[in-house]
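J.: Below you'll find input-v9.pdb; it's PDB, C-alpha atoms.
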ATOM      1  CA  MET A  55       1.743  17.660  19.492
ATOM      2  CA  ASN A  56      -1.432  16.056  20.754
ATOM      3  CA  TYR A  57      -3.179  13.014  19.331
ATOM      4  CA  ASN A  58      -6.929  12.736  19.685
ATOM      5  CA  ILE A  59      -9.658  10.229  18.979
ATOM      6  CA  GLY A  60     -11.175  10.801  15.532
ATOM      7  CA  GLU A  61      -7.999  12.189  13.948
ATOM      8  CA  GLY A  62      -6.388  10.422  11.012
ATOM      9  CA  ALA A  63      -5.234  10.552   7.406
ATOM     10  CA  ALA A  64      -5.421   8.684   4.101
ATOM     11  CA  PHE A  65      -3.238   7.681   1.153
ATOM     12  CA  SER A  66      -4.329   6.578  -2.314
ATOM     13  CA  LYS A  67      -2.490   4.761  -5.090
ATOM     14  CA  THR A  68      -3.337   2.969  -8.320
ATOM     15  CA  ILE A  69      -1.683  -0.455  -8.102
ATOM     16  CA  SER A  70       0.326  -1.217 -11.226
ATOM     17  CA  GLU A  71       1.321  -4.538 -12.720
ATOM     18  CA  SER A  72       4.948  -3.638 -11.993
ATOM     19  CA  ASP A  73       4.117  -3.142  -8.292
ATOM     20  CA  VAL A  74       2.729  -6.671  -8.128
ATOM     21  CA  TYR A  75       5.618  -8.204 -10.073
ATOM     22  CA  MET A  76       8.327  -6.424  -8.064
ATOM     23  CA  TYR A  77       6.600  -7.433  -4.844
ATOM     24  CA  ALA A  78       6.387 -11.055  -6.040
ATOM     25  CA  GLY A  79      10.111 -11.038  -6.775
ATOM     26  CA  MET A  80      10.990  -9.341  -3.508
ATOM     27  CA  THR A  81       8.981 -11.657  -1.279
ATOM     28  CA  GLY A  82       9.129 -14.858  -3.320
ATOM     29  CA  ASP A  83       5.333 -15.026  -3.287
ATOM     30  CA  MET A  84       4.847 -16.255  -6.866
ATOM     31  CA  ASN A  85       1.370 -17.625  -6.171
ATOM     32  CA  ALA A  86      -0.217 -18.153  -9.605
ATOM     33  CA  LEU A  87      -3.185 -15.982  -8.600
ATOM     34  CA  HIS A  88      -0.802 -12.995  -8.601
ATOM     35  CA  ILE A  89       1.424 -13.663 -11.620
ATOM     36  CA  ASN A  90      -0.386 -15.995 -14.030
ATOM     37  CA  GLU A  91      -3.263 -14.348 -15.883
ATOM     38  CA  GLU A  92      -4.363 -17.572 -17.623
ATOM     39  CA  TYR A  93      -4.577 -19.395 -14.284
ATOM     40  CA  ALA A  94      -6.204 -16.446 -12.504
ATOM     41  CA  GLN A  95      -8.871 -16.038 -15.199
ATOM     42  CA  ASN A  96     -10.054 -19.552 -14.427
ATOM     43  CA  SER A  97     -10.095 -18.932 -10.662
ATOM     44  CA  GLN A  98     -12.897 -17.498  -8.538
ATOM     45  CA  PHE A  99     -11.294 -14.048  -9.035
ATOM     46  CA  GLY A 100     -11.432 -13.958 -12.850
ATOM     47  CA  GLY A 101      -7.977 -12.402 -13.192
ATOM     48  CA  ARG A 102      -4.756 -11.647 -11.361
ATOM     49  CA  ILE A 103      -5.147 -10.184  -7.875
ATOM     50  CA  VAL A 104      -2.762  -8.043  -5.868
ATOM     51  CA  HIS A 105      -0.984  -9.606  -2.872
ATOM     52  CA  GLY A 106      -3.073  -8.818   0.217
ATOM     53  CA  MET A 107      -0.011  -7.917   2.261
ATOM     54  CA  LEU A 108       1.132  -5.440  -0.407
ATOM     55  CA  VAL A 109      -2.232  -3.677  -0.097
ATOM     56  CA  ALA A 110      -1.954  -3.782   3.700
ATOM     57  CA  GLY A 111       1.444  -2.090   3.394
ATOM     58  CA  PHE A 112      -0.200   1.189   2.428
ATOM     59  CA  ILE A 113      -1.584   1.401   5.966
ATOM     60  CA  SER A 114       2.022   1.659   7.159
ATOM     61  CA  THR A 115       2.619   4.391   4.583
ATOM     62  CA  VAL A 116      -0.155   6.509   6.096
ATOM     63  CA  LEU A 117       0.996   5.861   9.673
ATOM     64  CA  GLY A 118       4.664   6.629   9.008
ATOM     65  CA  MET A 119       4.316   9.443   6.496
ATOM     66  CA  LYS A 120       1.079  11.269   7.302
ATOM     67  CA  TYR A 121      -0.503  10.520  10.658
ATOM     68  CA  PRO A 122       0.887  10.197  13.293
ATOM     69  CA  GLY A 123       3.845  10.647  10.892
ATOM     70  CA  GLU A 124       7.619  10.728  11.381
ATOM     71  CA  GLY A 125       8.809   9.033  14.534
ATOM     72  CA  THR A 126       5.800   6.716  14.821
ATOM     73  CA  VAL A 127       6.729   3.252  16.118
ATOM     74  CA  TYR A 128       4.608   0.443  14.649
ATOM     75  CA  LEU A 129       3.650  -2.062  17.336
ATOM     76  CA  GLU A 130       0.824  -4.131  15.914
ATOM     77  CA  GLN A 131      -1.358  -4.580  12.828
ATOM     78  CA  GLN A 132      -4.424  -6.711  12.301
ATOM     79  CA  VAL A 133      -6.047  -7.060   8.874
ATOM     80  CA  LYS A 134      -9.021  -8.918   7.447
ATOM     81  CA  PHE A 135      -9.022  -9.315   3.673
ATOM     82  CA  CYS A 136     -12.634  -8.555   2.678
ATOM     83  CA  ALA A 137     -12.442  -8.343  -1.118
ATOM     84  CA  PRO A 138      -9.816  -8.880  -3.842
ATOM     85  CA  VAL A 139      -7.787  -6.026  -5.340
ATOM     86  CA  LYS A 140      -7.111  -6.210  -9.079
ATOM     87  CA  ILE A 141      -4.160  -4.767 -10.982
ATOM     88  CA  GLY A 142      -5.173  -1.224 -11.979
ATOM     89  CA  ASP A 143      -7.424  -0.688  -8.961
ATOM     90  CA  THR A 144      -6.978   2.572  -7.058
ATOM     91  CA  ILE A 145      -6.900   1.864  -3.357
ATOM     92  CA  THR A 146      -7.222   4.290  -0.460
ATOM     93  CA  ALA A 147      -5.828   3.402   2.970
ATOM     94  CA  LYS A 148      -7.411   5.320   5.864
ATOM     95  CA  VAL A 149      -6.365   5.455   9.509
ATOM     96  CA  GLU A 150      -8.261   6.990  12.427
ATOM     97  CA  VAL A 151      -7.498   7.011  16.153
ATOM     98  CA  ILE A 152     -10.188   5.045  18.016
ATOM     99  CA  GLU A 153      -8.576   4.456  21.426
ATOM    100  CA  ILE A 154      -5.915   5.955  23.665
ATOM    101  CA  ILE A 155      -4.355   2.826  25.150
ATOM    102  CA  ASN A 156      -1.633   4.413  27.298
ATOM    103  CA  VAL A 157      -1.357   8.183  27.764
ATOM    104  CA  ASP A 158       2.075   8.087  29.419
ATOM    105  CA  LYS A 159       3.653   5.887  26.772
ATOM    106  CA  GLY A 160       1.747   7.522  23.891
ATOM    107  CA  ILE A 161       0.225   4.284  22.672
ATOM    108  CA  VAL A 162      -2.930   4.534  20.573
ATOM    109  CA  ARG A 163      -5.136   2.185  18.559
ATOM    110  CA  LEU A 164      -6.252   3.216  15.077
ATOM    111  CA  LYS A 165      -8.922   1.823  12.819
ATOM    112  CA  THR A 166      -7.174   0.958   9.526
ATOM    113  CA  ASP A 167      -9.386   0.427   6.499
ATOM    114  CA  VAL A 168      -8.630   0.157   2.797
ATOM    115  CA  PHE A 169     -11.148   0.799   0.013
ATOM    116  CA  ASN A 170     -11.031   0.488  -3.769
ATOM    117  CA  GLN A 171     -12.224   3.040  -6.356
ATOM    118  CA  LYS A 172     -15.782   1.701  -6.073
ATOM    119  CA  GLN A 173     -15.752   2.333  -2.288
ATOM    120  CA  ILE A 174     -15.730  -1.416  -1.694
ATOM    121  CA  GLN A 175     -13.820  -2.217   1.494
ATOM    122  CA  VAL A 176     -10.905  -4.512   0.690
ATOM    123  CA  ILE A 177      -9.196  -4.516   4.104
ATOM    124  CA  LYS A 178     -10.635  -3.986   7.572
ATOM    125  CA  GLY A 179      -8.438  -3.872  10.641
ATOM    126  CA  TYR A 180      -6.612  -1.934  13.289
ATOM    127  CA  ALA A 181      -3.103  -0.839  14.215
ATOM    128  CA  VAL A 182      -1.422  -0.079  17.517
ATOM    129  CA  VAL A 183       1.360   2.515  17.410
ATOM    130  CA  LYS A 184       3.503   4.607  19.713
ATOM    131  CA  VAL A 185       3.104   8.215  18.629
ATOM    132  CA  PRO A 186       6.062  10.606  18.305
ATOM    133  CA  GLY A 187       6.663  12.734  21.380
ATOM    134  CA  LYS A 188       4.377  10.579  23.535
ATOM    135  CA  SER A 189       1.755  13.306  23.841
ATOM    136  CA  VAL A 190      -1.826  12.075  23.703
ATOM    137  CA  VAL A 191      -5.123  13.402  25.009
ATOM    138  CA  ARG A 192      -7.714  11.115  26.519
TER     139      ARG A 192
ATOM    140  CA  MET B  89      -5.268 -33.480   1.091
ATOM    141  CA  ASN B  90      -5.742 -33.174   4.824
ATOM    142  CA  TYR B  91      -4.573 -30.357   7.055
ATOM    143  CA  ASN B  92      -3.736 -31.091  10.663
ATOM    144  CA  ILE B  93      -2.798 -29.217  13.796
ATOM    145  CA  GLY B  94       0.972 -28.994  14.155
ATOM    146  CA  GLU B  95       1.721 -28.993  10.428
ATOM    147  CA  GLY B  96       3.457 -26.046   8.799
ATOM    148  CA  ALA B  97       6.403 -24.736   6.818
ATOM    149  CA  ALA B  98       9.050 -21.998   6.777
ATOM    150  CA  PHE B  99      10.782 -19.611   4.370
ATOM    151  CA  SER B 100      14.061 -17.736   4.878
ATOM    152  CA  LYS B 101      15.564 -14.733   3.100
ATOM    153  CA  THR B 102      18.365 -12.254   3.649
ATOM    154  CA  ILE B 103      16.811  -8.793   3.302
ATOM    155  CA  SER B 104      18.814  -6.609   0.940
ATOM    156  CA  GLU B 105      19.073  -2.848   0.743
ATOM    157  CA  SER B 106      17.424  -3.043  -2.689
ATOM    158  CA  ASP B 107      14.432  -4.887  -1.181
ATOM    159  CA  VAL B 108      13.906  -2.039   1.270
ATOM    160  CA  TYR B 109      14.360   0.678  -1.353
ATOM    161  CA  MET B 110      12.074  -0.955  -3.905
ATOM    162  CA  TYR B 111       9.451  -1.478  -1.216
ATOM    163  CA  ALA B 112       9.754   2.169  -0.149
ATOM    164  CA  GLY B 113       9.205   3.271  -3.740
ATOM    165  CA  MET B 114       6.341   0.868  -4.295
ATOM    166  CA  THR B 115       4.407   1.799  -1.163
ATOM    167  CA  GLY B 116       5.474   5.419  -0.755
ATOM    168  CA  ASP B 117       6.639   4.660   2.785
ATOM    169  CA  MET B 118       9.776   6.837   2.756
ATOM    170  CA  ASN B 119       9.963   7.038   6.539
ATOM    171  CA  ALA B 120      13.502   8.260   7.312
ATOM    172  CA  LEU B 121      14.069   5.240   9.564
ATOM    173  CA  HIS B 122      14.004   3.066   6.423
ATOM    174  CA  ILE B 123      15.852   5.189   3.857
ATOM    175  CA  ASN B 124      18.087   7.672   5.684
ATOM    176  CA  GLU B 125      21.121   6.073   7.321
ATOM    177  CA  GLU B 126      22.296   9.319   8.948
ATOM    178  CA  TYR B 127      18.904   9.874  10.546
ATOM    179  CA  ALA B 128      18.510   6.221  11.515
ATOM    180  CA  GLN B 129      21.943   6.075  13.154
ATOM    181  CA  ASN B 130      20.800   8.756  15.562
ATOM    182  CA  SER B 131      17.523   6.950  16.333
ATOM    183  CA  GLN B 132      16.845   4.289  18.946
ATOM    184  CA  PHE B 133      17.596   1.670  16.243
ATOM    185  CA  GLY B 134      21.140   2.785  15.412
ATOM    186  CA  GLY B 135      20.689   2.326  11.667
ATOM    187  CA  ARG B 136      18.135   1.786   8.917
ATOM    188  CA  ILE B 137      15.435  -0.771   9.664
ATOM    189  CA  VAL B 138      13.317  -2.824   7.288
ATOM    190  CA  HIS B 139       9.621  -1.924   6.902
ATOM    191  CA  GLY B 140       7.671  -4.145   9.315
ATOM    192  CA  MET B 141       5.015  -4.901   6.743
ATOM    193  CA  LEU B 142       7.651  -6.042   4.235
ATOM    194  CA  VAL B 143       8.905  -8.556   6.815
ATOM    195  CA  ALA B 144       5.310  -9.622   7.524
ATOM    196  CA  GLY B 145       4.875 -10.268   3.798
ATOM    197  CA  PHE B 146       7.079 -13.353   4.008
ATOM    198  CA  ILE B 147       4.340 -15.019   6.069
ATOM    199  CA  SER B 148       2.131 -14.778   2.983
ATOM    200  CA  THR B 149       4.939 -16.315   0.922
ATOM    201  CA  VAL B 150       4.971 -19.403   3.151
ATOM    202  CA  LEU B 151       1.172 -19.687   3.176
ATOM    203  CA  GLY B 152       0.761 -19.298  -0.576
ATOM    204  CA  MET B 153       3.844 -21.156  -1.787
ATOM    205  CA  LYS B 154       4.592 -23.855   0.790
ATOM    206  CA  TYR B 155       1.871 -24.634   3.288
ATOM    207  CA  PRO B 156      -1.088 -24.865   2.761
ATOM    208  CA  GLY B 157       0.258 -23.789  -0.682
ATOM    209  CA  GLU B 158      -1.405 -23.119  -4.023
ATOM    210  CA  GLY B 159      -5.095 -22.304  -3.799
ATOM    211  CA  THR B 160      -4.916 -20.995  -0.224
ATOM    212  CA  VAL B 161      -7.223 -18.009   0.361
ATOM    213  CA  TYR B 162      -5.850 -15.480   2.840
ATOM    214  CA  LEU B 163      -8.588 -14.263   5.186
ATOM    215  CA  GLU B 164      -6.843 -12.585   8.087
ATOM    216  CA  GLN B 165      -3.409 -11.689   9.475
ATOM    217  CA  GLN B 166      -2.438 -10.294  12.844
ATOM    218  CA  VAL B 167       1.156  -9.253  13.588
ATOM    219  CA  LYS B 168       2.999  -7.801  16.565
ATOM    220  CA  PHE B 169       6.337  -6.211  15.765
ATOM    221  CA  CYS B 170       8.623  -7.447  18.573
ATOM    222  CA  ALA B 171      12.085  -6.377  17.394
ATOM    223  CA  PRO B 172      13.582  -4.373  14.510
ATOM    224  CA  VAL B 173      14.968  -6.024  11.356
ATOM    225  CA  LYS B 174      18.119  -4.480   9.882
ATOM    226  CA  ILE B 175      19.227  -4.490   6.244
ATOM    227  CA  GLY B 176      21.307  -7.658   5.792
ATOM    228  CA  ASP B 177      19.417  -9.663   8.411
ATOM    229  CA  THR B 178      18.311 -13.159   7.426
ATOM    230  CA  ILE B 179      14.735 -13.686   8.483
ATOM    231  CA  THR B 180      12.765 -16.924   8.714
ATOM    232  CA  ALA B 181       8.965 -16.878   8.567
ATOM    233  CA  LYS B 182       7.290 -19.950  10.107
ATOM    234  CA  VAL B 183       3.652 -21.005  10.016
ATOM    235  CA  GLU B 184       1.966 -23.810  11.961
ATOM    236  CA  VAL B 185      -1.684 -24.846  12.180
ATOM    237  CA  ILE B 186      -2.987 -24.291  15.710
ATOM    238  CA  GLU B 187      -6.753 -24.469  15.272
ATOM    239  CA  ILE B 188      -9.319 -25.941  12.904
ATOM    240  CA  ILE B 189     -11.933 -23.170  12.846
ATOM    241  CA  ASN B 190     -14.421 -24.687  10.389
ATOM    242  CA  VAL B 191     -14.045 -28.212   9.033
ATOM    243  CA  ASP B 192     -16.706 -27.849   6.335
ATOM    244  CA  LYS B 193     -15.329 -24.599   4.946
ATOM    245  CA  GLY B 194     -11.684 -25.630   5.439
ATOM    246  CA  ILE B 195     -10.830 -22.619   7.577
ATOM    247  CA  VAL B 196      -7.805 -22.928   9.877
ATOM    248  CA  ARG B 197      -5.808 -20.638  12.161
ATOM    249  CA  LEU B 198      -2.017 -20.722  11.993
ATOM    250  CA  LYS B 199       0.603 -19.358  14.333
ATOM    251  CA  THR B 200       2.824 -17.080  12.190
ATOM    252  CA  ASP B 201       6.191 -16.144  13.652
ATOM    253  CA  VAL B 202       9.269 -14.516  12.135
ATOM    254  CA  PHE B 203      12.801 -14.804  13.552
ATOM    255  CA  ASN B 204      16.139 -13.265  12.602
ATOM    256  CA  GLN B 205      19.497 -15.040  12.232
ATOM    257  CA  LYS B 206      20.096 -14.755  15.991
ATOM    258  CA  GLN B 207      16.778 -16.546  16.686
ATOM    259  CA  ILE B 208      15.335 -13.291  18.017
ATOM    260  CA  GLN B 209      11.610 -13.148  17.328
ATOM    261  CA  VAL B 210      10.842 -10.094  15.202
ATOM    262  CA  ILE B 211       7.147 -10.786  14.477
ATOM    263  CA  LYS B 212       4.583 -12.738  16.473
ATOM    264  CA  GLY B 213       1.066 -13.317  15.197
ATOM    265  CA  TYR B 214      -1.491 -15.519  13.542
ATOM    266  CA  ALA B 215      -3.214 -15.974  10.211
ATOM    267  CA  VAL B 216      -6.616 -17.346   9.226
ATOM    268  CA  VAL B 217      -6.820 -19.030   5.825
ATOM    269  CA  LYS B 218      -9.118 -21.190   3.763
ATOM    270  CA  VAL B 219      -7.149 -24.242   2.693
ATOM    271  CA  PRO B 220      -7.260 -25.606  -0.869
ATOM    272  CA  GLY B 221      -9.792 -28.408  -1.338
ATOM    273  CA  LYS B 222     -11.502 -27.657   1.989
ATOM    274  CA  SER B 223     -10.270 -30.878   3.568
ATOM    275  CA  VAL B 224      -9.231 -30.567   7.198
ATOM    276  CA  VAL B 225      -9.020 -32.991  10.093
ATOM    277  CA  ARG B 226     -10.061 -32.028  13.590
TER     278      ARG B 226
END
Give the structure from the file, written as structure tokens.

T.:
Amino acid sequence: MNYNIGEGAAFSKTISESDVYMYAGMTGDMNALHINEEYAQNSQFGGRIVHGMLVAGFISTVLGMKYPGEGTVYLEQQVKFCAPVKIGDTITAKVEVIEIINVDKGIVRLKTDVFNQKQIQVIKGYAVVKVPGKSVVR
Amino acid sequence: MNYNIGEGAAFSKTISESDVYMYAGMTGDMNALHINEEYAQNSQFGGRIVHGMLVAGFISTVLGMKYPGEGTVYLEQQVKFCAPVKIGDTITAKVEVIEIINVDKGIVRLKTDVFNQKQIQVIKGYAVVKVPGKSVVR
């Protein structure tokens, strides 16, 4: 299989309250902004927000499950958190190859962006991965 | 409160099989390397590995819960995945201020590293955050 600049995939999910609470328990990140509605309503966000790194995790879902897919080795991820995600928001993580870093080793850079249901960008960043089968086209 | 270069904190956790399975269900990242022991045993890793972005999430736990702590606003995270984490590994996420980016806005850069129980570095990276109260010292 070949991997070319401009190719990519996306994954969407509505983030539930249970997602946020399980993630808080799993990671120990019980920041009041995520789990205390009374506190969060009085913050700049006006209500509980989803952990940024949980939202960023959906980028990995696209990379490992859709494109490049099975066998992808995750080398690097950079994310900027541009806007808050609320419980109940439907987010879409998109990845797109923007650079072939090493043809022989099959290492590519992808643009990795996440948007909410209003098309507001919530995460902007990039990933570096080793594609399965090492076959890339410059 | 002031925030100075060299300050930081750490958080440790043994990653359980249930952590990995709940995270797989939550994110949809059912990559066989994470949830299929038979497949993973025949891979370069020799067994199931923990999702990299789940491990990276413990950096957020330190930032939000320990240092700088409550009120921290997460702006940016960069991670390089240096070594695999296996189910049962005990990981330690460490953060340390390395740069005061903007004194007035209280924006600092922290080195964010994660190690396993053998002191092997599994994640190397940095975060940019806005500290609570905006008070930093150059």

J.: Enter the distance from CA of Lys168 in chain B to CA of Gln173 in chain A, in Å, rounded to one decimal.

T.: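 Between CA of Lys168 in chain B and CA of Gln173 in chain A the gap works out to 28.5 Å.
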
J.: Check every residue of chain B for an atom within 6 Å of chain A, counting all atoms listed in the file, and provide those that qualify as a count of residues only.

T.: 15

J.: In Å, rounded to a single decimal, give me how far CA of Ile175 in chain B is from CA of Thr68 in chain A.

T.: 27.9 Å

J.: Please report the interatomic distance between CA of Pro220 in chain B and CA of His88 in chain A in Å with one decimal.

T.: 16.1 Å

J.: Given identical sequences, can you show me chain B least-squares superposed on chain A via all its Cα atoms in order, as a short mmCIF file (atom, residue, chain, number, x, y, z; two decimals) with C-alpha atoms, in the frame of the given file?

T.:
data_model
loop_
_atom_site.label_atom_id
_atom_site.label_comp_id
_atom_site.auth_asym_id
_atom_site.auth_seq_id
_atom_site.Cartn_x
_atom_site.Cartn_y
_atom_site.Cartn_z
CA MET B 89 1.76 17.65 19.50
CA ASN B 90 -1.42 16.05 20.75
CA TYR B 91 -3.18 13.03 19.32
CA ASN B 92 -6.93 12.73 19.68
CA ILE B 93 -9.66 10.23 18.98
CA GLY B 94 -11.17 10.80 15.55
CA GLU B 95 -8.01 12.18 13.95
CA GLY B 96 -6.40 10.42 11.02
CA ALA B 97 -5.25 10.56 7.41
CA ALA B 98 -5.43 8.69 4.10
CA PHE B 99 -3.24 7.69 1.16
CA SER B 100 -4.34 6.58 -2.32
CA LYS B 101 -2.50 4.76 -5.10
CA THR B 102 -3.33 2.98 -8.33
CA ILE B 103 -1.68 -0.45 -8.11
CA SER B 104 0.33 -1.21 -11.23
CA GLU B 105 1.32 -4.53 -12.73
CA SER B 106 4.95 -3.64 -12.00
CA ASP B 107 4.12 -3.15 -8.30
CA VAL B 108 2.73 -6.67 -8.14
CA TYR B 109 5.62 -8.21 -10.07
CA MET B 110 8.32 -6.43 -8.08
CA TYR B 111 6.60 -7.44 -4.86
CA ALA B 112 6.39 -11.05 -6.05
CA GLY B 113 10.11 -11.03 -6.78
CA MET B 114 10.99 -9.33 -3.53
CA THR B 115 8.99 -11.66 -1.29
CA GLY B 116 9.12 -14.85 -3.34
CA ASP B 117 5.32 -15.02 -3.29
CA MET B 118 4.83 -16.26 -6.86
CA ASN B 119 1.36 -17.62 -6.17
CA ALA B 120 -0.22 -18.15 -9.61
CA LEU B 121 -3.18 -15.98 -8.60
CA HIS B 122 -0.80 -12.99 -8.61
CA ILE B 123 1.44 -13.67 -11.62
CA ASN B 124 -0.38 -16.00 -14.01
CA GLU B 125 -3.26 -14.35 -15.87
CA GLU B 126 -4.36 -17.57 -17.59
CA TYR B 127 -4.57 -19.40 -14.28
CA ALA B 128 -6.20 -16.46 -12.50
CA GLN B 129 -8.86 -16.04 -15.19
CA ASN B 130 -10.05 -19.54 -14.42
CA SER B 131 -10.10 -18.91 -10.65
CA GLN B 132 -12.90 -17.48 -8.53
CA PHE B 133 -11.29 -14.03 -9.03
CA GLY B 134 -11.44 -13.94 -12.84
CA GLY B 135 -7.97 -12.42 -13.19
CA ARG B 136 -4.75 -11.64 -11.36
CA ILE B 137 -5.15 -10.18 -7.88
CA VAL B 138 -2.76 -8.03 -5.87
CA HIS B 139 -0.98 -9.61 -2.87
CA GLY B 140 -3.07 -8.82 0.22
CA MET B 141 -0.02 -7.92 2.26
CA LEU B 142 1.13 -5.44 -0.40
CA VAL B 143 -2.24 -3.68 -0.10
CA ALA B 144 -1.95 -3.78 3.70
CA GLY B 145 1.44 -2.09 3.40
CA PHE B 146 -0.21 1.19 2.43
CA ILE B 147 -1.58 1.40 5.98
CA SER B 148 2.02 1.66 7.16
CA THR B 149 2.62 4.40 4.59
CA VAL B 150 -0.16 6.51 6.10
CA LEU B 151 1.00 5.86 9.67
CA GLY B 152 4.66 6.62 9.00
CA MET B 153 4.31 9.45 6.48
CA LYS B 154 1.07 11.26 7.31
CA TYR B 155 -0.50 10.53 10.66
CA PRO B 156 0.90 10.21 13.31
CA GLY B 157 3.86 10.65 10.88
CA GLU B 158 7.62 10.72 11.37
CA GLY B 159 8.82 9.03 14.53
CA THR B 160 5.80 6.72 14.82
CA VAL B 161 6.73 3.24 16.11
CA TYR B 162 4.61 0.45 14.65
CA LEU B 163 3.66 -2.07 17.33
CA GLU B 164 0.83 -4.13 15.91
CA GLN B 165 -1.36 -4.58 12.82
CA GLN B 166 -4.43 -6.72 12.31
CA VAL B 167 -6.04 -7.06 8.87
CA LYS B 168 -9.03 -8.91 7.45
CA PHE B 169 -9.02 -9.32 3.69
CA CYS B 170 -12.63 -8.55 2.69
CA ALA B 171 -12.44 -8.33 -1.11
CA PRO B 172 -9.82 -8.88 -3.84
CA VAL B 173 -7.78 -6.02 -5.34
CA LYS B 174 -7.11 -6.22 -9.09
CA ILE B 175 -4.15 -4.77 -10.99
CA GLY B 176 -5.17 -1.23 -11.98
CA ASP B 177 -7.42 -0.68 -8.96
CA THR B 178 -6.98 2.58 -7.06
CA ILE B 179 -6.89 1.87 -3.36
CA THR B 180 -7.22 4.29 -0.46
CA ALA B 181 -5.83 3.40 2.96
CA LYS B 182 -7.41 5.32 5.86
CA VAL B 183 -6.38 5.45 9.51
CA GLU B 184 -8.27 6.99 12.43
CA VAL B 185 -7.51 7.01 16.16
CA ILE B 186 -10.18 5.05 18.04
CA GLU B 187 -8.58 4.46 21.43
CA ILE B 188 -5.92 5.97 23.67
CA ILE B 189 -4.35 2.83 25.15
CA ASN B 190 -1.64 4.42 27.31
CA VAL B 191 -1.36 8.18 27.77
CA ASP B 192 2.06 8.08 29.42
CA LYS B 193 3.65 5.88 26.77
CA GLY B 194 1.76 7.53 23.90
CA ILE B 195 0.23 4.28 22.67
CA VAL B 196 -2.94 4.54 20.57
CA ARG B 197 -5.14 2.18 18.56
CA LEU B 198 -6.26 3.21 15.08
CA LYS B 199 -8.93 1.83 12.82
CA THR B 200 -7.17 0.96 9.53
CA ASP B 201 -9.39 0.43 6.51
CA VAL B 202 -8.63 0.15 2.80
CA PHE B 203 -11.16 0.80 0.01
CA ASN B 204 -11.02 0.49 -3.77
CA GLN B 205 -12.21 3.03 -6.36
CA LYS B 206 -15.78 1.70 -6.07
CA GLN B 207 -15.74 2.33 -2.29
CA ILE B 208 -15.71 -1.43 -1.70
CA GLN B 209 -13.82 -2.22 1.49
CA VAL B 210 -10.90 -4.51 0.69
CA ILE B 211 -9.19 -4.52 4.11
CA LYS B 212 -10.63 -3.99 7.57
CA GLY B 213 -8.45 -3.88 10.66
CA TYR B 214 -6.61 -1.93 13.30
CA ALA B 215 -3.11 -0.85 14.21
CA VAL B 216 -1.41 -0.08 17.52
CA VAL B 217 1.36 2.51 17.41
CA LYS B 218 3.49 4.61 19.71
CA VAL B 219 3.10 8.22 18.63
CA PRO B 220 6.07 10.59 18.30
CA GLY B 221 6.67 12.71 21.40
CA LYS B 222 4.37 10.54 23.54
CA SER B 223 1.76 13.28 23.84
CA VAL B 224 -1.83 12.07 23.68
CA VAL B 225 -5.12 13.41 24.98
CA ARG B 226 -7.74 11.15 26.48
#

J.: Go through the shown structure with the PyMOL selection byres ((chain A and resi 164-170) around 6) and write out the matching residues as a PyMOL selection string.

T.: chain A and resi 144-152+163+171-181
